[in-house]
Every structure is written in structure tokens, then in C-alpha cells.
Amino acid sequence: MKRRVNKLPHPLNELLLDERLRKFTILELRNEYEKRFGLGDFASRSQLRMSIYRRILSLVKKGYLEKREKDSNSPALYIVQEQFRADTLLIRDKLSEKTHVYPAAKNHNAHSPIAALRVKQSQYQVDMLACAGECKEYQQLAEEFPHLRDQIDLMFRRARERSSELMGQLRAIDNLIQRADLKQ
């Protein structure tokens, strides 16, 4: 039976896919969430932390995160497992095949365009990683199945084009975020 990851709120999914957060404590994850997306629907930082903690425990039980505790005085360290990344990217890839249009960040500090841009930025980064993985796999498949090279090359070119388009979109958002950060 296939485990499902996509019940997580989208911003939390994005944070857990971030390379810089491969290992984290609950407070580090909460702080990064708040930095990127604000409090959203939560009334306080404490409520946000409790919600994240419940969701993280669920992922530990499913085997998507590993929990390491040094001693009772230090906070537990959580490590994102490859299976989480693989399942989440597979879901993202299927969704991005259906549509490449992303809704603006809703309920995540809707009055803050920077928060909305950061959500979009994260989405594009995930999609770009999926395209890169797809291209790499096509190259390996072409070597493994040379008699299918023509079909594989066509799929490879399409994935590379999608990756280039995503790179352009990501650059535009990065530039806008940098310019907005300079003004603040």
C-alpha cells in the first residue's frame, strides 16, 4: 500500500524538501516556516509550533522522518528520509504535468507579496529538481535501452525545455524578491 504525503500543508512540504532543512529541530522548522510564510491562520507562534510538532510526529510514524534524541536536555533532531523526498517529488511531478499555473499563496500573510513570492519560489524549485531528475533518468535509460533512444531523446528534450522554462520563472521571482528585500 502506497503511503501518502500530500496531506501536509503545502508550505510545510516545501520546507521539508529544502536541502538546508535536511536535519532540523521543531523550533528551527517553526522559525523557518514563520520567516517564509508568516503565521498564516495561527494566532501565535506557540500554536504554529504545536501544529508543526503534530505533523512531524505523524511523519516519524510513517517513516518519512527519523527522530534522534541525544539526551533529555537537548531538543530532538529530525532527519528527512529519502522516501519522503521521492514520494513528494513524484506527487509534485504528476501535479505539474497537469498544470504549471500556481495559485498565489493564500492564507499565508496574503497582505505580504514577499511571502506569496517565496511560496511560488519554493514550488518552482521543487519542480525544477523534478525535471533535473527526470532528465538524468532519461539519459540513463537511453544508455540502458539504446533501441529506444529516439523515443527517450524526445522525452528528454521536453523535460529539458520544462526545466529551462522553470529556471526563467525562478530567476524572475528571485530578482523580484531581491529587489523587494533591498527596498525594505
# chains A, B, ... in the order shown; residues from 1 in each chain; ligands from 1
call {"tool": "closest_atom_pairs", "arguments": {"of": "stretch 48-76 of chain A", "to": "stretch 15-19 of chain A", "cutoff": "12 Å", "atoms": "only C-alpha atoms", "output": "tab-separated table"}}
result
residue	atom	partner	partner_atom	distance
A:Ile52	CA	A:Leu15	CA	11.3
A:Arg55	CA	A:Leu16	CA	11.5
A:Ile56	CA	A:Leu16	CA	10.0
A:Leu59	CA	A:Leu16	CA	10.8
A:Tyr64	CA	A:Leu16	CA	10.2
A:Leu65	CA	A:Leu16	CA	9.6
call {"tool": "residues_around", "arguments": {"residues": "A:Glu134", "least_positions_apart": "5", "cutoff": "10 Å", "atoms": "only C-alpha atoms", "output": "JSON, numbers by chain"}}
result
{"A": [93, 128, 129, 139, 140, 155, 156, 159, 160, 163]}
call {"tool": "write_last_selection", "arguments": {"atoms": "C-alpha atoms", "output": "JSON list (two decimals), in the first residue's frame"}}
result
[["chain", "number", "residue", "atom", "x", "y", "z"],
["A", 93, "ASP", "CA", 5.70, 15.77, -10.85],
["A", 128, "MET", "CA", 12.96, 22.19, -11.30],
["A", 129, "LEU", "CA", 14.50, 19.43, -9.17],
["A", 139, "GLN", "CA", 19.99, 9.78, -20.01],
["A", 140, "GLN", "CA", 20.48, 6.58, -18.01],
["A", 155, "MET", "CA", 11.06, 12.92, -23.76],
["A", 156, "PHE", "CA", 14.46, 14.16, -22.59],
["A", 159, "ALA", "CA", 11.87, 17.69, -19.82],
["A", 160, "ARG", "CA", 14.88, 19.91, -20.53],
["A", 163, "SER", "CA", 13.46, 22.80, -16.80]]
call {"tool": "select_by_dssp", "arguments": {"residues": "stretch 21-68 of chain A", "states": "helix (DSSP H, G or I)", "output": "MDAnalysis selection string"}}
result
chainID A and resid 21 26:37 45:62
call {"tool": "residues_around", "arguments": {"residues": "stretch 169-174 of chain A", "least_positions_apart": "4", "cutoff": "12 Å", "atoms": "only C-alpha atoms", "output": "VMD selection string"}}
result
chain A and resid 100 to 102 113 to 129 162 to 165 178 to 181
call {"tool": "write_last_selection", "arguments": {"atoms": "C-alpha atoms", "output": "CSV table (one decimal), in the first residue's frame"}}
result
chain,number,residue,atom,x,y,z
A,100,HIS,CA,2.0,24.7,-14.5
A,101,VAL,CA,-0.1,27.5,-13.2
A,102,TYR,CA,0.3,28.2,-9.5
A,113,PRO,CA,3.7,39.8,-1.6
A,114,ILE,CA,7.1,38.6,-0.4
A,115,ALA,CA,5.5,35.6,1.4
A,116,ALA,CA,3.5,34.8,-1.8
A,117,LEU,CA,6.6,35.1,-3.9
A,118,ARG,CA,8.6,32.8,-1.6
A,119,VAL,CA,5.8,30.1,-1.8
A,120,LYS,CA,6.0,30.4,-5.6
A,121,GLN,CA,9.8,30.3,-5.5
A,122,SER,CA,9.7,27.0,-3.5
A,123,GLN,CA,7.2,25.5,-5.9
A,124,TYR,CA,9.3,26.3,-8.9
A,125,GLN,CA,12.5,24.9,-7.1
A,126,VAL,CA,10.7,21.6,-6.4
A,127,ASP,CA,9.5,21.4,-10.0
A,128,MET,CA,13.0,22.2,-11.3
A,129,LEU,CA,14.5,19.4,-9.2
A,162,ARG,CA,10.4,22.5,-19.0
A,163,SER,CA,13.5,22.8,-16.8
A,164,SER,CA,14.6,25.8,-18.8
A,165,GLU,CA,11.2,27.5,-18.6
A,178,GLN,CA,16.0,40.6,-4.1
A,179,ARG,CA,14.7,44.0,-5.3
A,180,ALA,CA,11.9,44.0,-2.7
A,181,ASP,CA,14.3,43.0,0.0
call {"tool": "select_by_dssp", "arguments": {"residues": "stretch 11-133 of chain A", "states": "strand (DSSP E)", "output": "CSV table (one decimal) with C-alpha atoms, in the first residue's frame"}}
result
chain,number,residue,atom,x,y,z
A,23,LYS,CA,18.2,18.0,9.6
A,24,PHE,CA,16.2,20.2,11.9
A,65,LEU,CA,11.4,11.4,9.2
A,66,GLU,CA,14.0,9.9,11.6
A,67,LYS,CA,14.0,11.2,15.2
A,68,ARG,CA,17.3,11.4,17.0
A,77,LEU,CA,16.8,16.3,15.8
A,78,TYR,CA,14.7,15.2,12.9
A,79,ILE,CA,16.2,14.0,9.6
A,80,VAL,CA,14.2,13.9,6.4
call {"tool": "residues_around", "arguments": {"residues": "A:Leu29", "least_positions_apart": "2", "cutoff": "9 Å", "atoms": "only C-alpha atoms", "output": "PyMOL selection string"}}
result
chain A and resi 12+15-16+21+24-27+31-34+49+52
call {"tool": "write_last_selection", "arguments": {"atoms": "C-alpha atoms", "output": "short mmCIF file (atom, residue, chain, number, x, y, z; two decimals), in the first residue's frame"}}
result
data_model
loop_
_atom_site.label_atom_id
_atom_site.label_comp_id
_atom_site.auth_asym_id
_atom_site.auth_seq_id
_atom_site.Cartn_x
_atom_site.Cartn_y
_atom_site.Cartn_z
CA LEU A 12 5.43 22.56 5.30
CA LEU A 15 10.26 23.34 3.88
CA LEU A 16 10.89 19.62 4.29
CA LEU A 21 16.49 21.63 6.34
CA PHE A 24 16.20 20.25 11.95
CA THR A 25 14.65 20.74 15.35
CA ILE A 26 10.99 21.67 15.76
CA LEU A 27 11.93 25.23 16.71
CA ASN A 31 11.20 29.71 12.74
CA GLU A 32 11.85 28.99 9.06
CA TYR A 33 8.12 28.50 8.44
CA GLU A 34 7.33 31.81 10.10
CA ARG A 49 4.84 25.13 16.78
CA ILE A 52 4.11 21.53 13.16
#
call {"tool": "closest_residue", "arguments": {"among": "A:Glu69, A:Leu166, A:Glu137, A:Tyr53", "to": "A:Ile152", "atoms": "only C-alpha atoms"}}
result
A:Glu137
call {"tool": "atom_distance", "arguments": {"atom1": "atom CA of A:Glu28", "atom2": "atom CA of A:Cys131"}}
result
28.8 Å
call {"tool": "residues_around", "arguments": {"residues": "A:Tyr138", "least_positions_apart": "5", "cutoff": "12 Å", "atoms": "only C-alpha atoms", "output": "number ranges by chain"}}
result
A: 131-133, 143-146, 148-160
